[in-house]
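Take a look at the structure set out below.
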Amino acid sequence: MPTCDTLIHNIQILDGSGHEPQPGGVAIGHGRIQALGDLRGYSSAEALDGNGHVLAPGFIDVHTHDDLYVIRAPEMLPKLSQGVTTVIAGNCGISAAPVQLKRGFPEPMNLLGGEDAFRYSTFAEYAAAVAEARPGVNVAALVGHTALRNNHMDRLDRAATASEVASMQEQLREALDHGALGLSTGLAYLSAHSASVEEVQSLVDVLPGSGAVYTTHLRSETDQVLPAMEEAFHVGRESGVPVIVSHLKCAGIDNWGHSREVLQSLESARKQQAVGCDCYPYAASSSMLDLRQVDERVTITITWSRPHPEIAGKTLAEIAAIWGEAQLEAARRLQPAGAIYHCISEDDLRAILQHPATMIGSDGLPNDPLPHPRLWGTFPRVLGRYCREERLFSLGQATRKMTSLPAETFGLRNRGRIQEGYCADLVLFDPDNVRDIATFSDSVRPSVGIEAVWVNGVLSYRDGSCTGRRGGRFLSRGAIA
Ligand code: ZN
Ligand code: CU
């Protein structure tokens with residue numbers, strides 16, 4: 001009689017490819033999927049009846065800022081409770097490594113944590129720290145362009161010189177040698193906005209041939225989003241590197257309704273080169289409080305403020321009224337601060353989410369005291385609200401966006417599918433009940449309907465809580481797990 005470590009039976013198997021679920025069972029052995037299908041006659045140390053619910057590959061959160069959180073709070077409840085088994089860190093130009101803060105601590109690096117948490121001057125040191133923390137989920141990471149700039153430049157409001165670019169290239173190469181997934185930029189932020197296209201190109205030129213990717217928080221997500229996309233695609237084309245547009249959106253009321261042009265731009269690039277994007281399923285963004293984004297027509301909620309911590313949770317309009325001044329003035333006094341901007345139209349959001357090239361990334365900010373609900377709700381919200389209720393896509397297609405598509409895009413080998421020999425990153429959920437609970441007014445709330453989560457075969461989440469067993473690993477680019 002064949003034996004395995006864990007047998008999950010009475011389930012609908014959603015293999016991650018985009019196909020619809022098939023009834024069967026899955027056997028886990030030595031952290032891998034040992035067999036699937038009709039497994040009558042298998043004996044196992046542990047067995048779990050899935051009650052006819054869906055078993056899918058564990059979700060891959062392609063856009064996170066969990067770099068330091070996975071070390072500080074390795075249990076990873078916000079992610080495991082959504083069925084996420086792998087996070088990709090280092091997005092938007094900011095990463096935990098390689099970082100030397102001797103020249104300052106620029107925004108938005110403070111989204112990741114306090115100055116003292118940045119202790120990894122090389123990517124290898126960061127990878128070792130993650131492995132040692134043994135987080136509840138797998139972790140892979142990009143290298144942030146802004147982090148590199150800050151390591152080598154005395155000021156960030158200019159383009160890098162040739163010798164600074166050379167130093168950044170060298171540091172990027174070293175990180176790639178130690179398993180970094182690629183490079184991310186955050187060109188809309190003032191700490192990188194002055195970087196020239198040539199500066200970015202010189203860094204992306206380091207990537208080809210290694211399976212690494214270029215992800216970008218575009219230079220503009222508002223009125224200049226189309227030229228910003230063209231810039232990103234051009235850079236990728238020149239060096240032959242896949243480009244992933246981060247949190248694709250049309251931000252700002254004056255830009256609503258432009259998702260058609262934005263998706264057309266993505267489509268036409270896709271005919272010539274490898275491009276993709278990620279998106280979070282909410283009509284509101286969140287980041288630093290940026291004076292350029294203050295618009296009295298948009299509801300802006302302040303999530304933290306260094307000089308005025310007592311004001312967190314209020315809208316900028318309320319604060320401005322209390323202080324008796326314009327919102328822009330109030331925003332100035334709150335700096336540095338974090339904010340949620342209700343600046344996206346639901347129609348644009350749906351169009352972008354639905355596109356077959358779109359992956360799901362939470363962009364959650366685990367360090368924020370009043371985080372945007374995407375930190376806790378992203379994946380169940382795609383399955384509940386956008387798949388089951390609004391029928392934007394089938395369950396098979398929704399799952400593909402969170403599993404095989406990201407695994408293939410980022411080169412996470414042997415993950416993202418339920419297939420014999422693949423790593424046993426798995427989520428069991430109730431497709432009729434899975435949904436997000438976190439809201440904008442009450443955002444630290446686990447989702448419901450996620451019944452069990454395995455990470456590398458380790459049962460890590462069950463019946464609403466972490467099991468205390470953590471199976472996450474550091475994933476190096478292209479490594480066969
Ligand atoms: Zn971003
Ligand atoms: Cu981000």
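Residues in the structure tokens are named by chain (A, B, ... in the order shown) and by number from 1 within that chain; ligands are numbered from 1 in the order shown.
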
Counting only C-alpha atoms and all ligand atoms, what are the residues, protein, DNA or RNA alike, that approach ligand 2 to within 7 Å? I want them as a PyMOL selection string.
chain A and resi 63-65+91-92+363

Spatial neighbours of Ser194 (chain A), max dist 9 Å, only C-alpha atoms, sep filter under 3 positions, as a ChimeraX atom specification
/A:156-160,187,190-191

Could you list, as a PyMOL selection string, all residues that come within 10 Å of ligand 1? Count only C-alpha atoms and all ligand atoms.
chain A and resi 63-65+91-94+108+184-189+215-218+221+245-248+285-287+363

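Those residues in region 318-368 of chain A carrying a DSSP assignment of alpha helix (DSSP H), computed from the backbone, are Glu318, Ile319, Ala320, Ala321, Ile322, Trp323, Gln327, Leu328, Glu329, Ala330, Ala331, Arg332, Arg333, Leu334, Glu346, Asp347, Asp348, Leu349, Arg350, Ala351, Ile352, Leu353 and Gln354 of chain A.
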
With N, CA and C atoms retained, export the selected residues as a PDB file, in the first residue's frame.
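As a result, part-v5.pdb now contains:
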ATOM      1  N   GLU A 318     -11.344  66.352   7.387  1.00  0.00           N
ATOM      2  CA  GLU A 318     -11.698  66.601   8.797  1.00  0.00           C
ATOM      3  C   GLU A 318     -10.581  67.358   9.511  1.00  0.00           C
ATOM      4  N   ILE A 319      -9.355  66.932   9.252  1.00  0.00           N
ATOM      5  CA  ILE A 319      -8.215  67.575   9.917  1.00  0.00           C
ATOM      6  C   ILE A 319      -8.106  69.037   9.484  1.00  0.00           C
ATOM      7  N   ALA A 320      -8.283  69.247   8.187  1.00  0.00           N
ATOM      8  CA  ALA A 320      -8.201  70.621   7.663  1.00  0.00           C
ATOM      9  C   ALA A 320      -9.291  71.492   8.293  1.00  0.00           C
ATOM     10  N   ALA A 321     -10.477  70.904   8.484  1.00  0.00           N
ATOM     11  CA  ALA A 321     -11.573  71.671   9.082  1.00  0.00           C
ATOM     12  C   ALA A 321     -11.258  72.013  10.540  1.00  0.00           C
ATOM     13  N   ILE A 322     -10.713  71.028  11.279  1.00  0.00           N
ATOM     14  CA  ILE A 322     -10.361  71.263  12.690  1.00  0.00           C
ATOM     15  C   ILE A 322      -9.306  72.368  12.788  1.00  0.00           C
ATOM     16  N   TRP A 323      -8.337  72.309  11.896  1.00  0.00           N
ATOM     17  CA  TRP A 323      -7.239  73.278  11.953  1.00  0.00           C
ATOM     18  C   TRP A 323      -7.596  74.586  11.252  1.00  0.00           C
ATOM     19  N   GLN A 327      -6.626  71.822   2.761  1.00  0.00           N
ATOM     20  CA  GLN A 327      -6.110  70.458   2.901  1.00  0.00           C
ATOM     21  C   GLN A 327      -4.610  70.388   2.598  1.00  0.00           C
ATOM     22  N   LEU A 328      -4.179  71.149   1.618  1.00  0.00           N
ATOM     23  CA  LEU A 328      -2.759  71.110   1.262  1.00  0.00           C
ATOM     24  C   LEU A 328      -1.896  71.620   2.423  1.00  0.00           C
ATOM     25  N   GLU A 329      -2.368  72.666   3.070  1.00  0.00           N
ATOM     26  CA  GLU A 329      -1.653  73.203   4.236  1.00  0.00           C
ATOM     27  C   GLU A 329      -1.594  72.166   5.364  1.00  0.00           C
ATOM     28  N   ALA A 330      -2.760  71.556   5.626  1.00  0.00           N
ATOM     29  CA  ALA A 330      -2.826  70.547   6.686  1.00  0.00           C
ATOM     30  C   ALA A 330      -1.889  69.392   6.338  1.00  0.00           C
ATOM     31  N   ALA A 331      -1.885  68.982   5.087  1.00  0.00           N
ATOM     32  CA  ALA A 331      -1.035  67.867   4.653  1.00  0.00           C
ATOM     33  C   ALA A 331       0.433  68.186   4.897  1.00  0.00           C
ATOM     34  N   ARG A 332       0.798  69.439   4.665  1.00  0.00           N
ATOM     35  CA  ARG A 332       2.193  69.858   4.911  1.00  0.00           C
ATOM     36  C   ARG A 332       2.562  69.683   6.381  1.00  0.00           C
ATOM     37  N   ARG A 333       1.654  70.094   7.249  1.00  0.00           N
ATOM     38  CA  ARG A 333       1.944  70.014   8.689  1.00  0.00           C
ATOM     39  C   ARG A 333       1.985  68.579   9.200  1.00  0.00           C
ATOM     40  N   LEU A 334       1.326  67.669   8.493  1.00  0.00           N
ATOM     41  CA  LEU A 334       1.285  66.272   8.950  1.00  0.00           C
ATOM     42  C   LEU A 334       2.547  65.493   8.579  1.00  0.00           C
ATOM     43  N   GLU A 346     -14.094  52.232  -9.747  1.00  0.00           N
ATOM     44  CA  GLU A 346     -14.399  50.801  -9.688  1.00  0.00           C
ATOM     45  C   GLU A 346     -14.381  50.183 -11.096  1.00  0.00           C
ATOM     46  N   ASP A 347     -14.830  50.917 -12.089  1.00  0.00           N
ATOM     47  CA  ASP A 347     -14.853  50.367 -13.458  1.00  0.00           C
ATOM     48  C   ASP A 347     -13.440  50.116 -13.981  1.00  0.00           C
ATOM     49  N   ASP A 348     -12.546  51.061 -13.759  1.00  0.00           N
ATOM     50  CA  ASP A 348     -11.153  50.868 -14.192  1.00  0.00           C
ATOM     51  C   ASP A 348     -10.535  49.691 -13.443  1.00  0.00           C
ATOM     52  N   LEU A 349     -10.811  49.637 -12.145  1.00  0.00           N
ATOM     53  CA  LEU A 349     -10.271  48.547 -11.334  1.00  0.00           C
ATOM     54  C   LEU A 349     -10.724  47.202 -11.896  1.00  0.00           C
ATOM     55  N   ARG A 350     -12.013  47.071 -12.175  1.00  0.00           N
ATOM     56  CA  ARG A 350     -12.526  45.796 -12.701  1.00  0.00           C
ATOM     57  C   ARG A 350     -11.871  45.440 -14.026  1.00  0.00           C
ATOM     58  N   ALA A 351     -11.728  46.421 -14.905  1.00  0.00           N
ATOM     59  CA  ALA A 351     -11.154  46.140 -16.233  1.00  0.00           C
ATOM     60  C   ALA A 351      -9.724  45.632 -16.092  1.00  0.00           C
ATOM     61  N   ILE A 352      -8.960  46.252 -15.201  1.00  0.00           N
ATOM     62  CA  ILE A 352      -7.552  45.858 -15.037  1.00  0.00           C
ATOM     63  C   ILE A 352      -7.448  44.495 -14.358  1.00  0.00           C
ATOM     64  N   LEU A 353      -8.262  44.294 -13.316  1.00  0.00           N
ATOM     65  CA  LEU A 353      -8.237  42.999 -12.604  1.00  0.00           C
ATOM     66  C   LEU A 353      -8.540  41.843 -13.549  1.00  0.00           C
ATOM     67  N   GLN A 354      -9.485  42.089 -14.433  1.00  0.00           N
ATOM     68  CA  GLN A 354      -9.993  41.032 -15.303  1.00  0.00           C
ATOM     69  C   GLN A 354      -8.995  40.627 -16.394  1.00  0.00           C
TER      70      GLN A 354
END

Leaving out Gly104 (chain A) and any residue of its chain fewer than 5 positions from it, which residues lie within 12 Å of it when counting only C-alpha atoms, given as a tab-separated table (two decimals) with N, CA and C atoms, in the first residue's frame?
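The new file around20.tsv reads:
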chain	number	residue	atom	x	y	z
A	99	VAL	N	21.32	47.40	1.81
A	99	VAL	CA	21.09	48.75	2.34
A	99	VAL	C	22.20	49.14	3.30
A	109	MET	N	11.39	54.52	2.12
A	109	MET	CA	11.95	53.32	2.75
A	109	MET	C	11.34	53.10	4.14
A	110	ASN	N	10.90	54.20	4.76
A	110	ASN	CA	10.29	54.07	6.10
A	110	ASN	C	8.95	53.33	6.08
A	115	GLU	N	14.50	52.84	11.04
A	115	GLU	CA	15.89	52.87	10.59
A	115	GLU	C	16.72	51.69	11.14
A	118	PHE	N	16.95	48.17	9.39
A	118	PHE	CA	17.71	47.97	8.14
A	118	PHE	C	19.13	47.56	8.49
A	146	THR	N	15.72	52.51	-5.38
A	146	THR	CA	15.91	53.62	-4.43
A	146	THR	C	16.89	53.23	-3.33
A	147	ALA	N	16.82	51.97	-2.91
A	147	ALA	CA	17.78	51.49	-1.91
A	147	ALA	C	19.20	51.59	-2.47
A	149	ARG	N	20.25	53.60	-4.88
A	149	ARG	CA	20.61	55.02	-5.03
A	149	ARG	C	21.10	55.57	-3.69
A	150	ASN	N	20.35	55.24	-2.64
A	150	ASN	CA	20.69	55.78	-1.32
A	150	ASN	C	22.02	55.24	-0.80
A	151	ASN	N	22.40	54.06	-1.28
A	151	ASN	CA	23.70	53.51	-0.87
A	151	ASN	C	24.87	54.28	-1.49
A	152	HIS	N	24.63	54.86	-2.66
A	152	HIS	CA	25.76	55.39	-3.42
A	152	HIS	C	25.69	56.87	-3.75
A	153	MET	N	24.58	57.53	-3.42
A	153	MET	CA	24.46	58.94	-3.80
A	153	MET	C	24.30	59.83	-2.57
A	154	ASP	N	24.86	61.03	-2.64
A	154	ASP	CA	24.76	61.94	-1.50
A	154	ASP	C	23.40	62.62	-1.46
A	155	ARG	N	22.75	62.75	-2.60
A	155	ARG	CA	21.40	63.32	-2.64
A	155	ARG	C	20.62	62.64	-3.76
A	156	LEU	N	19.30	62.56	-3.58
A	156	LEU	CA	18.49	61.74	-4.48
A	156	LEU	C	17.65	62.58	-5.44
A	191	SER	N	12.31	60.34	-4.28
A	191	SER	CA	13.65	59.77	-4.07
A	191	SER	C	14.18	59.06	-5.32

Find the residues around Pro135 (chain A) up to 8 Å (only C-alpha atoms counted), leave out those fewer than 2 positions away in its own chain, and share them as a list in words.
Val70, Ile71, Ala73, Pro74, Glu75, Met76, Val130, Ala131, Ala133, Val137, Asn138, Arg470, Gly471, Gly472 and Arg473 of chain A

Give me, please, the distance in Å between CA of Asp432 (chain A) and CA of Ala27 (chain A), quoted to one decimal.
24.5 Å

Using only C-alpha atoms, which protein or nucleic acid residues come within 8 Å of Ser394 (chain A)? Drop anything in the same chain fewer than 4 positions from it, and give the result as number ranges by chain.
A: 20, 387, 398

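Closest approach to Leu226 (chain A) among A:Thr439, A:Gly421, A:Leu142, A:Gln264: A:Gln264, based on only C-alpha atoms.
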
Using only C-alpha atoms, determine which residues lie at most 8 Å from region 440-454 of chain A, disregarding the query and same-chain residues fewer than 6 positions distant; provide the list as a count of residues only.
30

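Within 9 Å of Gly211 (chain A), once only C-alpha atoms are used and residues closer than 6 positions along the same chain are dropped, the contacting residues are Leu181, Gly182, Val241, Pro242, Phe410, Gly411, Arg477 and Gly478 of chain A.
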
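Taking the backbone of this structure through DSSP, the residues of region 263-407 of chain A that come out as strand (DSSP E or B) are Val275, Gly276, Cys277, Asp278, Cys279, Ser285, Ser286, Ser287, Met288, Ile300, Thr301, Ile302, Thr303, Trp304, Ser305, Thr315, Ala337, Gly338, Ala339, Ile340, Tyr341, Thr358, Met359 and Ile360 of chain A.
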
Best match for closeness to Leu263 (chain A) among A:Arg385, A:His355, A:Arg297, A:Arg173, counting only C-alpha atoms:
A:His355
